[in-house]
$ cat target.tsv   # TSV, C-alpha atoms
chain	number	residue	atom	x	y	z
A	22	MET	CA	85.54	40.49	-2.83
A	23	LEU	CA	86.40	42.84	-5.69
A	24	ALA	CA	88.34	46.03	-4.99
A	25	LEU	CA	86.97	48.48	-7.53
A	26	GLY	CA	88.78	51.56	-8.77
A	27	ILE	CA	86.22	53.63	-10.67
A	28	LEU	CA	87.20	56.10	-13.40
A	29	GLY	CA	84.61	58.62	-14.54
A	30	SER	CA	84.22	62.03	-16.10
A	31	GLY	CA	80.56	62.81	-15.42
A	32	LYS	CA	77.94	62.82	-12.76
A	33	GLY	CA	78.52	59.23	-11.72
A	34	SER	CA	75.14	57.55	-12.06
A	35	ASN	CA	76.75	54.18	-12.80
A	36	ALA	CA	79.09	54.57	-9.84
A	37	ARG	CA	76.01	55.27	-7.73
A	38	SER	CA	74.31	52.09	-8.96
A	39	LEU	CA	77.40	50.07	-8.05
A	40	LEU	CA	77.59	51.58	-4.57
A	41	GLU	CA	73.90	50.78	-4.08
A	42	ALA	CA	74.34	47.21	-5.32
A	43	ILE	CA	77.19	46.77	-2.85
A	44	ARG	CA	75.14	48.22	-0.01
A	45	ALA	CA	72.20	45.98	-0.89
A	46	GLY	CA	74.42	42.89	-0.86
A	47	ARG	CA	73.94	42.23	-4.59
A	48	LEU	CA	77.62	42.78	-5.42
A	49	ASP	CA	80.50	41.41	-3.38
A	50	ALA	CA	82.85	44.36	-3.80
A	51	ARG	CA	84.06	47.60	-2.30
A	52	VAL	CA	84.97	50.81	-4.08
A	53	VAL	CA	88.53	51.67	-3.11
A	54	CYS	CA	88.80	54.94	-5.04
A	55	VAL	CA	87.08	57.14	-7.59
A	56	ILE	CA	89.33	58.94	-10.07
A	57	SER	CA	88.22	61.65	-12.48
A	58	ASP	CA	89.91	63.65	-15.19
A	59	VAL	CA	87.32	66.41	-14.63
A	60	ALA	CA	87.96	68.47	-11.50
A	61	GLY	CA	84.34	69.35	-10.82
A	62	ALA	CA	82.77	66.07	-11.89
A	63	GLY	CA	79.74	64.93	-9.92
A	64	ILE	CA	81.27	61.48	-9.57
A	65	LEU	CA	83.89	62.98	-7.24
A	66	ASP	CA	81.20	64.63	-5.09
A	67	LEU	CA	79.34	61.32	-4.97
A	68	ALA	CA	82.48	59.52	-3.79
A	69	ARG	CA	83.08	62.08	-1.06
A	70	THR	CA	79.55	61.71	0.29
A	71	ARG	CA	80.13	57.95	0.52
A	72	ASN	CA	83.56	58.38	2.18
A	73	VAL	CA	85.33	56.92	-0.83
A	74	PRO	CA	88.71	58.50	-1.76
A	75	ALA	CA	87.94	60.95	-4.60
A	76	ILE	CA	90.87	62.04	-6.73
A	77	HIS	CA	91.17	64.41	-9.65
A	78	VAL	CA	93.95	63.60	-12.12
A	79	ASP	CA	94.98	66.14	-14.73
A	80	GLY	CA	94.89	64.41	-18.12
A	81	SER	CA	96.75	67.09	-20.08
A	82	PRO	CA	98.29	67.51	-22.55
A	83	PHE	CA	96.04	64.81	-24.05
A	84	ARG	CA	92.31	65.40	-24.50
A	85	THR	CA	90.82	62.11	-25.64
A	86	LYS	CA	93.12	59.46	-24.17
A	87	LEU	CA	94.71	58.54	-20.86
A	88	ASP	CA	98.39	58.28	-21.61
A	89	GLY	CA	101.83	59.46	-20.55
A	90	ALA	CA	102.28	60.91	-17.08
A	91	ALA	CA	98.53	60.99	-16.43
A	92	GLN	CA	98.26	57.26	-17.13
A	93	ASP	CA	101.22	56.56	-14.85
A	94	HIS	CA	99.57	58.64	-12.17
A	95	VAL	CA	96.29	56.74	-12.45
A	96	ILE	CA	98.03	53.36	-12.35
A	97	ARG	CA	99.94	54.42	-9.25
A	98	LEU	CA	96.77	55.66	-7.54
A	99	LEU	CA	94.84	52.49	-8.37
A	100	ARG	CA	97.66	50.38	-6.94
A	101	GLU	CA	98.06	52.55	-3.85
A	102	HIS	CA	94.39	52.09	-3.07
A	103	GLY	CA	94.55	48.35	-3.65
A	104	ALA	CA	92.26	48.19	-6.71
A	105	ASP	CA	92.17	44.82	-8.44
A	106	THR	CA	89.46	45.77	-10.95
A	107	VAL	CA	89.08	48.99	-12.92
A	108	VAL	CA	85.56	50.17	-13.71
A	109	LEU	CA	85.09	52.77	-16.43
A	110	ALA	CA	81.91	54.65	-15.64
A	111	GLY	CA	81.45	57.44	-18.12
A	112	PHE	CA	85.20	57.96	-18.47
A	113	MET	CA	85.65	60.02	-21.61
A	114	ARG	CA	89.20	59.04	-22.53
A	115	MET	CA	90.55	56.08	-24.45
A	116	ILE	CA	92.43	53.60	-22.27
A	117	LYS	CA	95.92	52.86	-23.57
A	118	SER	CA	98.25	49.90	-23.32
A	119	GLY	CA	99.98	50.92	-20.07
A	120	LEU	CA	96.79	50.67	-18.01
A	121	LEU	CA	95.67	47.59	-19.94
A	122	ARG	CA	98.94	45.84	-19.08
A	123	ALA	CA	98.72	46.92	-15.44
A	124	PHE	CA	95.22	45.37	-15.06
A	125	PRO	CA	95.04	42.61	-17.66
A	126	ARG	CA	91.43	41.53	-18.27
A	127	ARG	CA	90.38	43.45	-15.19
A	128	ILE	CA	89.15	46.66	-16.83
A	129	LEU	CA	85.45	46.92	-17.63
A	130	ASN	CA	83.45	49.51	-19.52
A	131	ILE	CA	79.78	50.16	-20.12
A	132	HIS	CA	78.59	51.46	-23.46
A	133	PRO	CA	75.12	52.88	-24.20
A	134	ALA	CA	74.34	50.68	-27.22
A	135	LEU	CA	74.21	47.04	-28.24
A	136	LEU	CA	77.77	46.68	-29.46
A	137	PRO	CA	79.06	46.16	-32.09
A	138	ALA	CA	76.32	48.60	-33.17
A	139	PHE	CA	76.98	52.28	-32.49
A	140	PRO	CA	80.45	52.40	-30.95
A	141	GLY	CA	81.91	55.78	-30.03
A	142	LEU	CA	80.32	58.97	-28.79
A	143	GLU	CA	76.60	59.64	-28.20
A	144	ALA	CA	75.59	56.13	-29.13
A	145	TRP	CA	71.95	56.91	-28.33
A	146	THR	CA	71.97	59.72	-30.92
A	147	GLN	CA	73.54	57.34	-33.42
A	148	ALA	CA	70.74	54.83	-32.75
A	149	LEU	CA	68.06	57.48	-33.27
A	150	ARG	CA	69.64	58.70	-36.51
A	151	ALA	CA	69.89	55.13	-37.81
A	152	GLY	CA	66.19	54.61	-37.15
A	153	ALA	CA	66.86	51.61	-34.89
A	154	LYS	CA	63.79	50.26	-33.08
A	155	VAL	CA	65.86	48.58	-30.36
A	156	SER	CA	68.96	49.70	-28.56
A	157	GLY	CA	70.45	49.03	-25.14
A	158	CYS	CA	73.71	48.85	-23.28
A	159	THR	CA	76.77	46.63	-23.21
A	160	VAL	CA	79.19	45.83	-20.40
A	161	HIS	CA	82.48	44.58	-21.81
A	162	PHE	CA	86.08	44.00	-20.99
A	163	VAL	CA	88.27	46.77	-22.35
A	164	ASP	CA	90.87	46.08	-25.00
A	165	GLU	CA	92.96	48.32	-27.24
A	166	GLY	CA	90.01	49.16	-29.50
A	167	MET	CA	87.16	51.64	-29.17
A	168	ASP	CA	84.29	49.68	-27.57
A	169	THR	CA	85.53	46.38	-29.02
A	170	GLY	CA	86.37	44.13	-26.05
A	171	PRO	CA	84.69	40.85	-25.06
A	172	ILE	CA	81.01	41.37	-24.13
A	173	ILE	CA	79.83	40.33	-20.66
A	174	VAL	CA	76.22	41.56	-20.49
A	175	GLN	CA	73.81	43.30	-22.86
A	176	ARG	CA	70.39	44.67	-21.98
A	177	THR	CA	67.88	46.05	-24.46
A	178	VAL	CA	65.45	48.96	-24.58
A	179	PRO	CA	62.84	49.94	-27.16
A	180	VAL	CA	63.43	53.06	-29.22
A	181	LEU	CA	60.16	55.00	-29.41
A	182	ASP	CA	59.04	57.13	-32.33
A	183	ASP	CA	58.87	60.27	-30.20
A	184	ASP	CA	62.20	59.71	-28.47
A	185	THR	CA	64.61	62.58	-28.14
A	186	PRO	CA	68.29	61.88	-27.56
A	187	GLU	CA	67.64	62.70	-23.90
A	188	SER	CA	64.66	60.38	-23.45
A	189	LEU	CA	66.41	57.47	-25.13
A	190	HIS	CA	69.60	58.07	-23.17
A	191	ALA	CA	67.63	58.06	-19.92
A	192	ARG	CA	65.92	54.77	-20.83
A	193	ILE	CA	69.28	53.19	-21.66
A	194	GLN	CA	70.80	54.44	-18.42
A	195	GLU	CA	68.09	52.65	-16.41
A	196	GLN	CA	69.31	49.41	-17.96
A	197	GLU	CA	72.96	50.36	-17.43
A	198	HIS	CA	72.25	50.61	-13.72
A	199	LEU	CA	71.10	46.97	-13.78
A	200	ALA	CA	73.68	45.67	-16.23
A	201	TYR	CA	76.84	46.95	-14.57
A	202	PRO	CA	76.16	45.46	-11.11
A	203	GLU	CA	75.07	42.23	-12.82
A	204	ALA	CA	78.31	41.98	-14.81
A	205	LEU	CA	80.52	42.83	-11.84
A	206	ALA	CA	78.70	40.33	-9.63
A	207	LEU	CA	79.49	37.62	-12.19
A	208	LEU	CA	83.14	38.71	-12.10
A	209	ALA	CA	83.15	38.84	-8.30
A	210	ASP	CA	81.76	35.31	-8.15
A	211	GLY	CA	84.49	34.06	-10.50
A	212	ARG	CA	81.92	33.07	-13.09
A	213	LEU	CA	83.41	34.72	-16.20
A	214	ARG	CA	85.81	33.01	-18.57
A	215	ILE	CA	87.11	34.78	-21.67
A	216	GLU	CA	87.52	32.61	-24.75
A	217	GLY	CA	88.72	34.68	-27.67
A	218	ARG	CA	86.02	37.29	-28.21
A	219	LYS	CA	83.45	35.43	-26.15
A	220	VAL	CA	82.75	35.66	-22.45
A	221	ILE	CA	81.37	32.40	-21.07
A	222	ARG	CA	79.51	32.11	-17.76
A	223	THR	CA	80.86	29.19	-15.73
B	181	MET	CA	44.33	44.88	-48.48
B	182	LEU	CA	47.94	44.30	-49.51
B	183	ALA	CA	48.71	42.21	-52.57
B	184	LEU	CA	51.97	40.49	-51.67
B	185	GLY	CA	54.48	39.13	-54.15
B	186	ILE	CA	56.91	36.99	-52.18
B	187	LEU	CA	60.47	36.32	-53.37
B	188	GLY	CA	62.42	33.54	-51.67
B	189	SER	CA	65.23	31.08	-52.24
B	190	GLY	CA	64.76	28.65	-49.35
B	191	LYS	CA	62.19	26.60	-47.53
B	192	GLY	CA	59.81	29.49	-46.99
B	193	SER	CA	59.25	29.60	-43.23
B	194	ASN	CA	58.63	33.35	-43.32
B	195	ALA	CA	56.20	32.94	-46.21
B	196	ARG	CA	54.41	30.33	-44.13
B	197	SER	CA	54.14	32.70	-41.17
B	198	LEU	CA	52.63	35.36	-43.45
B	199	LEU	CA	50.10	32.94	-44.90
B	200	GLU	CA	49.14	31.90	-41.38
B	201	ALA	CA	48.82	35.52	-40.22
B	202	ILE	CA	46.53	36.20	-43.18
B	203	ARG	CA	44.43	33.12	-42.46
B	204	ALA	CA	44.18	34.08	-38.78
B	205	GLY	CA	42.99	37.57	-39.68
B	206	ARG	CA	46.08	39.26	-38.22
B	207	LEU	CA	47.24	40.61	-41.57
B	208	ASP	CA	44.95	42.23	-44.14
B	209	ALA	CA	46.67	40.88	-47.25
B	210	ARG	CA	46.69	38.15	-49.85
B	211	VAL	CA	49.70	36.47	-51.44
B	212	VAL	CA	49.35	36.90	-55.19
B	213	CYS	CA	52.47	34.97	-56.20
B	214	VAL	CA	55.62	33.34	-54.89
B	215	ILE	CA	58.71	33.64	-57.05
B	216	SER	CA	61.97	31.78	-56.49
B	217	ASP	CA	65.35	31.79	-58.17
B	218	VAL	CA	65.84	28.19	-56.95
B	219	ALA	CA	63.87	25.64	-58.93
B	220	GLY	CA	63.45	23.15	-56.10
B	221	ALA	CA	62.99	25.62	-53.27
B	222	GLY	CA	60.57	24.59	-50.53
B	223	ILE	CA	58.91	27.98	-50.76
B	224	LEU	CA	57.53	26.98	-54.19
B	225	ASP	CA	56.12	23.73	-52.78
B	226	LEU	CA	54.57	25.67	-49.94
B	227	ALA	CA	52.92	28.06	-52.38
B	228	ARG	CA	51.51	25.21	-54.45
B	229	THR	CA	49.96	23.55	-51.40
B	230	ARG	CA	48.23	26.86	-50.63
B	231	ASN	CA	47.06	27.35	-54.23
B	232	VAL	CA	49.29	30.39	-54.67
B	233	PRO	CA	50.96	30.80	-58.08
B	234	ALA	CA	54.51	29.44	-57.67
B	235	ILE	CA	57.02	30.53	-60.29
B	236	HIS	CA	60.68	29.70	-60.80
B	237	VAL	CA	62.73	32.42	-62.47
B	238	ASP	CA	66.21	31.65	-63.76
B	239	GLY	CA	68.56	34.28	-62.32
B	240	SER	CA	71.54	33.49	-64.53
B	241	PRO	CA	74.05	34.66	-65.57
B	242	PHE	CA	74.18	36.52	-62.24
B	243	ARG	CA	74.64	34.63	-58.98
B	244	THR	CA	74.24	37.18	-56.20
B	245	LYS	CA	71.95	39.82	-57.65
B	246	LEU	CA	68.64	40.08	-59.46
B	247	ASP	CA	69.40	42.08	-62.57
B	248	GLY	CA	69.10	42.15	-66.32
B	249	ALA	CA	66.53	39.92	-68.01
B	250	ALA	CA	65.79	38.05	-64.77
B	251	GLN	CA	64.89	41.29	-63.04
B	252	ASP	CA	62.68	42.31	-65.96
B	253	HIS	CA	61.00	38.93	-65.78
B	254	VAL	CA	60.31	39.23	-62.06
B	255	ILE	CA	58.93	42.77	-62.44
B	256	ARG	CA	56.63	41.58	-65.21
B	257	LEU	CA	55.43	38.59	-63.16
B	258	LEU	CA	54.78	40.74	-60.09
B	259	ARG	CA	52.74	43.17	-62.19
B	260	GLU	CA	50.85	40.45	-64.01
B	261	HIS	CA	49.79	38.99	-60.67
B	262	GLY	CA	48.79	42.38	-59.33
B	263	ALA	CA	51.37	42.64	-56.56
B	264	ASP	CA	51.53	46.04	-54.86
B	265	THR	CA	54.08	45.01	-52.23
B	266	VAL	CA	57.20	42.86	-52.61
B	267	VAL	CA	58.23	40.69	-49.67
B	268	LEU	CA	61.75	39.29	-49.61
B	269	ALA	CA	61.65	36.12	-47.56
B	270	GLY	CA	65.04	34.49	-47.63
B	271	PHE	CA	65.75	35.74	-51.14
B	272	MET	CA	69.49	35.33	-51.60
B	273	ARG	CA	70.09	37.95	-54.29
B	274	MET	CA	70.67	41.67	-54.04
B	275	ILE	CA	67.75	43.74	-55.31
B	276	LYS	CA	68.82	46.29	-57.92
B	277	SER	CA	67.49	49.65	-59.03
B	278	GLY	CA	65.04	48.36	-61.65
B	279	LEU	CA	62.89	46.50	-59.13
B	280	LEU	CA	63.33	49.28	-56.57
B	281	ARG	CA	62.00	51.82	-59.08
B	282	ALA	CA	59.12	49.51	-60.06
B	283	PHE	CA	57.94	49.22	-56.42
B	284	PRO	CA	59.17	52.37	-54.70
B	285	ARG	CA	59.09	51.99	-50.91
B	286	ARG	CA	57.01	48.84	-51.31
B	287	ILE	CA	59.79	46.24	-51.00
B	288	LEU	CA	60.44	44.76	-47.57
B	289	ASN	CA	63.13	42.44	-46.29
B	290	ILE	CA	63.76	40.59	-43.05
B	291	HIS	CA	67.28	40.19	-41.73
B	292	PRO	CA	68.35	37.82	-38.92
B	293	ALA	CA	70.16	40.43	-36.77
B	294	LEU	CA	69.57	43.77	-35.12
B	295	LEU	CA	70.69	45.99	-37.96
B	296	PRO	CA	72.94	47.90	-38.39
B	297	ALA	CA	74.77	45.12	-36.53
B	298	PHE	CA	75.73	42.07	-38.60
B	299	PRO	CA	74.57	42.85	-42.13
B	300	GLY	CA	75.24	40.31	-44.85
B	301	LEU	CA	75.34	36.54	-44.82
B	302	GLU	CA	74.90	34.20	-41.82
B	303	ALA	CA	74.22	37.06	-39.43
B	304	TRP	CA	73.63	34.60	-36.59
B	305	THR	CA	77.15	33.20	-37.05
B	306	GLN	CA	78.52	36.74	-37.09
B	307	ALA	CA	76.73	37.45	-33.79
B	308	LEU	CA	78.15	34.30	-32.20
B	309	ARG	CA	81.68	35.10	-33.36
B	310	ALA	CA	81.39	38.66	-32.03
B	311	GLY	CA	80.40	37.32	-28.62
B	312	ALA	CA	77.13	39.30	-28.64
B	313	LYS	CA	74.77	38.48	-25.77
B	314	VAL	CA	71.72	39.78	-27.62
B	315	SER	CA	70.70	39.50	-31.24
B	316	GLY	CA	67.40	39.44	-33.08
B	317	CYS	CA	65.80	40.28	-36.37
B	318	THR	CA	64.95	43.38	-38.38
B	319	VAL	CA	62.18	44.06	-40.89
B	320	HIS	CA	63.13	46.97	-43.12
B	321	PHE	CA	62.30	48.67	-46.37
B	322	VAL	CA	64.81	47.75	-49.04
B	323	ASP	CA	67.07	50.36	-50.58
B	324	GLU	CA	70.13	50.15	-52.80
B	325	GLY	CA	72.39	49.03	-49.95
B	326	MET	CA	72.98	45.66	-48.33
B	327	ASP	CA	70.58	45.52	-45.36
B	328	THR	CA	70.58	49.31	-44.97
B	329	GLY	CA	67.01	50.50	-45.58
B	330	PRO	CA	64.65	52.18	-43.08
B	331	ILE	CA	63.83	49.88	-40.15
B	332	ILE	CA	60.19	49.00	-39.44
B	333	VAL	CA	60.35	46.42	-36.65
B	334	GLN	CA	63.10	44.81	-34.58
B	335	ARG	CA	62.70	41.93	-32.15
B	336	THR	CA	65.41	40.61	-29.83
B	337	VAL	CA	66.60	37.22	-28.64
B	338	PRO	CA	69.21	36.25	-26.06
B	339	VAL	CA	72.41	34.62	-27.27
B	340	LEU	CA	73.24	31.72	-24.96
B	341	ASP	CA	76.70	30.51	-24.06
B	342	ASP	CA	76.08	27.07	-25.51
B	343	ASP	CA	74.42	28.29	-28.70
B	344	THR	CA	75.43	26.77	-32.00
B	345	PRO	CA	74.80	28.67	-35.23
B	346	GLU	CA	71.78	26.40	-35.71
B	347	SER	CA	70.26	26.94	-32.27
B	348	LEU	CA	70.68	30.71	-32.46
B	349	HIS	CA	69.30	30.82	-35.99
B	350	ALA	CA	66.24	28.84	-34.89
B	351	ARG	CA	65.62	31.22	-31.96
B	352	ILE	CA	65.89	34.23	-34.27
B	353	GLN	CA	63.53	32.65	-36.80
B	354	GLU	CA	60.83	32.30	-34.14
B	355	GLN	CA	60.96	36.07	-33.74
B	356	GLU	CA	61.05	36.60	-37.52
B	357	HIS	CA	57.75	34.77	-37.75
B	358	LEU	CA	56.25	37.36	-35.39
B	359	ALA	CA	58.06	40.41	-36.74
B	360	TYR	CA	57.24	40.05	-40.42
B	361	PRO	CA	53.44	39.78	-40.01
B	362	GLU	CA	53.61	42.63	-37.49
B	363	ALA	CA	55.48	44.91	-39.91
B	364	LEU	CA	53.25	44.06	-42.85
B	365	ALA	CA	50.11	44.59	-40.77
B	366	LEU	CA	51.36	48.11	-39.97
B	367	LEU	CA	51.91	48.68	-43.69
B	368	ALA	CA	48.50	47.22	-44.56
B	369	ASP	CA	46.85	49.53	-42.05
B	370	GLY	CA	48.61	52.56	-43.59
B	371	ARG	CA	50.41	53.25	-40.33
B	372	LEU	CA	53.99	53.59	-41.61
B	373	ARG	CA	55.56	56.87	-42.65
B	374	ILE	CA	59.18	57.03	-43.80
B	375	GLU	CA	61.11	60.14	-42.73
B	376	GLY	CA	64.67	59.94	-43.94
B	377	ARG	CA	66.12	56.83	-42.32
B	378	LYS	CA	63.34	56.56	-39.75
B	379	VAL	CA	60.02	54.77	-40.00
B	380	ILE	CA	57.36	56.43	-37.87
B	381	ARG	CA	54.13	54.70	-36.82
B	382	THR	CA	51.17	56.97	-37.40
$ encode --input "target.tsv" --output "structure tokens"
Amino acid sequence: MLALGILGSGKGSNARSLLEAIRAGRLDARVVCVISDVAGAGILDLARTRNVPAIHVDGSPFRTKLDGAAQDHVIRLLREHGADTVVLAGFMRMIKSGLLRAFPRRILNIHPALLPAFPGLEAWTQALRAGAKVSGCTVHFVDEGMDTGPIIVQRTVPVLDDDTPESLHARIQEQEHLAYPEALALLADGRLRIEGRKVIRT
Amino acid sequence: MLALGILGSGKGSNARSLLEAIRAGRLDARVVCVISDVAGAGILDLARTRNVPAIHVDGSPFRTKLDGAAQDHVIRLLREHGADTVVLAGFMRMIKSGLLRAFPRRILNIHPALLPAFPGLEAWTQALRAGAKVSGCTVHFVDEGMDTGPIIVQRTVPVLDDDTPESLHARIQEQEHLAYPEALALLADGRLRIEGRKVIRT
């Protein structure tokens, strides 16, 4: 059974989908803590309503990465709560080498595009601007790069002519809520092997 | 009815799918000529068996682009045969400004990946090396860039753990043979409007 430590900065819709997959028996895991760099983030409220430890960690003085004392604090919290797997769920900071070394090949992220297309911020807006007719989401292991780690699962969505950033984002999020439990269930069942940049299902 | 001039360097499987879509009444077009920079290309044999003018054009001294006298020759041939639309079907040379100006917004290409991911050569091999779990094909209008023009249609395929470059390429080609007739039928029906980088269906 996986012991998930979830890091998020937003309302926590992916965390919710994981909690529901666990409750439904589709994912052999428990969520041992939810950590946010945003004090009022909805993901912390969600955790509290599910009786999951919900912790705010001040990320300053950095704005776009988790480093220094804040990183040390997060590593300590994850260990104290017994996490063996770190799930980034809308966490808006780059993960640095300290956390990567503390949880080697056990940190996952979900990205709202079919990587390697549209890495970085607002991937759905990037897809719209590029005139893509298909986009989707990617669950991947985290490495030192921005949205570059080995890919576990990808799911696609159509991009419609009348899409707004909001409508496309919502369509992608529906697939995220399927993809993340699917990827973590494969990890929980010991079915993922990383070979270079490829993730093989065993 | 579209008057298609097809340019190809290989065996012509996309040209075949277009001829079959025309014969089946799924595409309101006729193929007015097939032009190849490779004297023995299968696409020329295919054209001959269908009684379509099949013309070899020497591309030298260039190897990777269609320019200079060869470009002039191709433009003249396309015009002589009454082409109003140029279809790149496995044509292994970059299209330059002369041909683009001669057929503005009437040159289409198909690429074996979900652009903007994996532009350039052997896109299926690129997708395998990147560990992508999804790939596909893209039909797009051609502009001055390498696989950068406005996207008309994209179709997806799964990438399987045991895929070889050949098996993935074959799976993508199946979707190409659906995507290219689909995109050209939209063009034939006057249903495509280009707005910046986006292609809108009207």
$ residues_around --input "target.tsv" --residues "segment 170-178 of chain A" --least-positions-apart "2" --cutoff "6 Å" --atoms "all atoms listed in the file" --output "PyMOL selection string"
(chain A and resi 155-164+218-220) or (chain B and resi 313)
$ atom_distance --input "target.tsv" --atom1 "atom CA of Val214 of chain B" --atom2 "atom CA of Pro345 of chain B"
27.9 Å
$ closest_residue --input "target.tsv" --among "B:Gly370, B:Pro338, B:Gly239, B:Pro361" --to "chain A" --atoms "only C-alpha atoms"
B:Pro338
$ residues_around --input "target.tsv" --residues "segment 272-280 of chain B" --least-positions-apart "6" --cutoff "6 Å" --atoms "all atoms listed in the file" --output "list in words"
Thr244, Lys245 and Leu246 of chain B
$ closest_residue --input "target.tsv" --among "B:Asp247, B:Glu375, B:Asp208, B:Glu362" --to "chain A" --atoms "only C-alpha atoms"
B:Glu375
$ closest_residue --input "target.tsv" --among "A:Ile193, A:Val180, A:Ile27, A:Val52" --to "chain B" --atoms "only C-alpha atoms"
A:Val180
$ closest_residue --input "target.tsv" --among "A:Leu181, A:Leu199, A:Leu205, A:Ala191" --to "chain B" --atoms "all atoms listed in the file"
A:Leu181
$ atom_distance --input "target.tsv" --atom1 "atom CA of Ala24 of chain A" --atom2 "atom CA of Arg71 of chain A"
15.5 Å
$ build_atoms --input "target.tsv" --residues "segment 92-98 of chain A" --atoms "all heavy atoms" --output "PDB file, keeping the file's coordinate frame"
ATOM      1  N   GLN A  92      98.513  58.703 -17.252  1.00  0.00           N
ATOM      2  CA  GLN A  92      98.260  57.260 -17.130  1.00  0.00           C
ATOM      3  C   GLN A  92      99.091  56.673 -15.992  1.00  0.00           C
ATOM      4  O   GLN A  92      98.584  55.891 -15.171  1.00  0.00           O
ATOM      5  CB  GLN A  92      98.587  56.562 -18.447  1.00  0.00           C
ATOM      6  CG  GLN A  92      98.422  55.040 -18.364  1.00  0.00           C
ATOM      7  CD  GLN A  92      98.764  54.354 -19.676  1.00  0.00           C
ATOM      8  OE1 GLN A  92      97.888  53.815 -20.335  1.00  0.00           O
ATOM      9  NE2 GLN A  92     100.034  54.376 -20.052  1.00  0.00           N
ATOM     10  N   ASP A  93     100.371  57.060 -15.933  1.00  0.00           N
ATOM     11  CA  ASP A  93     101.220  56.560 -14.850  1.00  0.00           C
ATOM     12  C   ASP A  93     100.641  56.932 -13.494  1.00  0.00           C
ATOM     13  O   ASP A  93     100.645  56.129 -12.552  1.00  0.00           O
ATOM     14  CB  ASP A  93     102.642  57.155 -14.980  1.00  0.00           C
ATOM     15  CG  ASP A  93     103.359  56.688 -16.240  1.00  0.00           C
ATOM     16  OD1 ASP A  93     102.925  55.665 -16.816  1.00  0.00           O
ATOM     17  OD2 ASP A  93     104.323  57.352 -16.637  1.00  0.00           O
ATOM     18  N   HIS A  94     100.141  58.156 -13.417  1.00  0.00           N
ATOM     19  CA  HIS A  94      99.570  58.640 -12.170  1.00  0.00           C
ATOM     20  C   HIS A  94      98.348  57.806 -11.774  1.00  0.00           C
ATOM     21  O   HIS A  94      98.200  57.395 -10.616  1.00  0.00           O
ATOM     22  CB  HIS A  94      99.197  60.130 -12.341  1.00  0.00           C
ATOM     23  CG  HIS A  94      98.801  60.813 -11.066  1.00  0.00           C
ATOM     24  ND1 HIS A  94      98.286  62.090 -11.029  1.00  0.00           N
ATOM     25  CD2 HIS A  94      98.812  60.390  -9.775  1.00  0.00           C
ATOM     26  CE1 HIS A  94      98.007  62.416  -9.783  1.00  0.00           C
ATOM     27  NE2 HIS A  94      98.316  61.409  -9.001  1.00  0.00           N
ATOM     28  N   VAL A  95      97.493  57.531 -12.733  1.00  0.00           N
ATOM     29  CA  VAL A  95      96.290  56.740 -12.450  1.00  0.00           C
ATOM     30  C   VAL A  95      96.652  55.318 -12.029  1.00  0.00           C
ATOM     31  O   VAL A  95      96.097  54.775 -11.060  1.00  0.00           O
ATOM     32  CB  VAL A  95      95.351  56.737 -13.676  1.00  0.00           C
ATOM     33  CG1 VAL A  95      94.271  55.665 -13.541  1.00  0.00           C
ATOM     34  CG2 VAL A  95      94.712  58.116 -13.853  1.00  0.00           C
ATOM     35  N   ILE A  96      97.607  54.723 -12.712  1.00  0.00           N
ATOM     36  CA  ILE A  96      98.030  53.360 -12.350  1.00  0.00           C
ATOM     37  C   ILE A  96      98.559  53.343 -10.919  1.00  0.00           C
ATOM     38  O   ILE A  96      98.216  52.465 -10.113  1.00  0.00           O
ATOM     39  CB  ILE A  96      99.097  52.842 -13.339  1.00  0.00           C
ATOM     40  CG1 ILE A  96      98.478  52.653 -14.729  1.00  0.00           C
ATOM     41  CG2 ILE A  96      99.713  51.539 -12.848  1.00  0.00           C
ATOM     42  CD1 ILE A  96      99.503  52.365 -15.831  1.00  0.00           C
ATOM     43  N   ARG A  97      99.356  54.350 -10.603  1.00  0.00           N
ATOM     44  CA  ARG A  97      99.940  54.420  -9.250  1.00  0.00           C
ATOM     45  C   ARG A  97      98.827  54.576  -8.205  1.00  0.00           C
ATOM     46  O   ARG A  97      98.813  53.878  -7.182  1.00  0.00           O
ATOM     47  CB  ARG A  97     100.935  55.593  -9.194  1.00  0.00           C
ATOM     48  CG  ARG A  97     101.873  55.565  -8.010  1.00  0.00           C
ATOM     49  CD  ARG A  97     103.047  56.508  -8.227  1.00  0.00           C
ATOM     50  NE  ARG A  97     102.629  57.891  -8.420  1.00  0.00           N
ATOM     51  CZ  ARG A  97     102.804  58.585  -9.553  1.00  0.00           C
ATOM     52  NH1 ARG A  97     103.419  58.054 -10.584  1.00  0.00           N
ATOM     53  NH2 ARG A  97     102.389  59.842  -9.638  1.00  0.00           N
ATOM     54  N   LEU A  98      97.869  55.457  -8.486  1.00  0.00           N
ATOM     55  CA  LEU A  98      96.770  55.660  -7.540  1.00  0.00           C
ATOM     56  C   LEU A  98      95.941  54.394  -7.356  1.00  0.00           C
ATOM     57  O   LEU A  98      95.567  54.033  -6.229  1.00  0.00           O
ATOM     58  CB  LEU A  98      95.855  56.792  -8.041  1.00  0.00           C
ATOM     59  CG  LEU A  98      96.408  58.206  -7.922  1.00  0.00           C
ATOM     60  CD1 LEU A  98      95.545  59.181  -8.730  1.00  0.00           C
ATOM     61  CD2 LEU A  98      96.469  58.642  -6.453  1.00  0.00           C
TER      62      LEU A  98
END
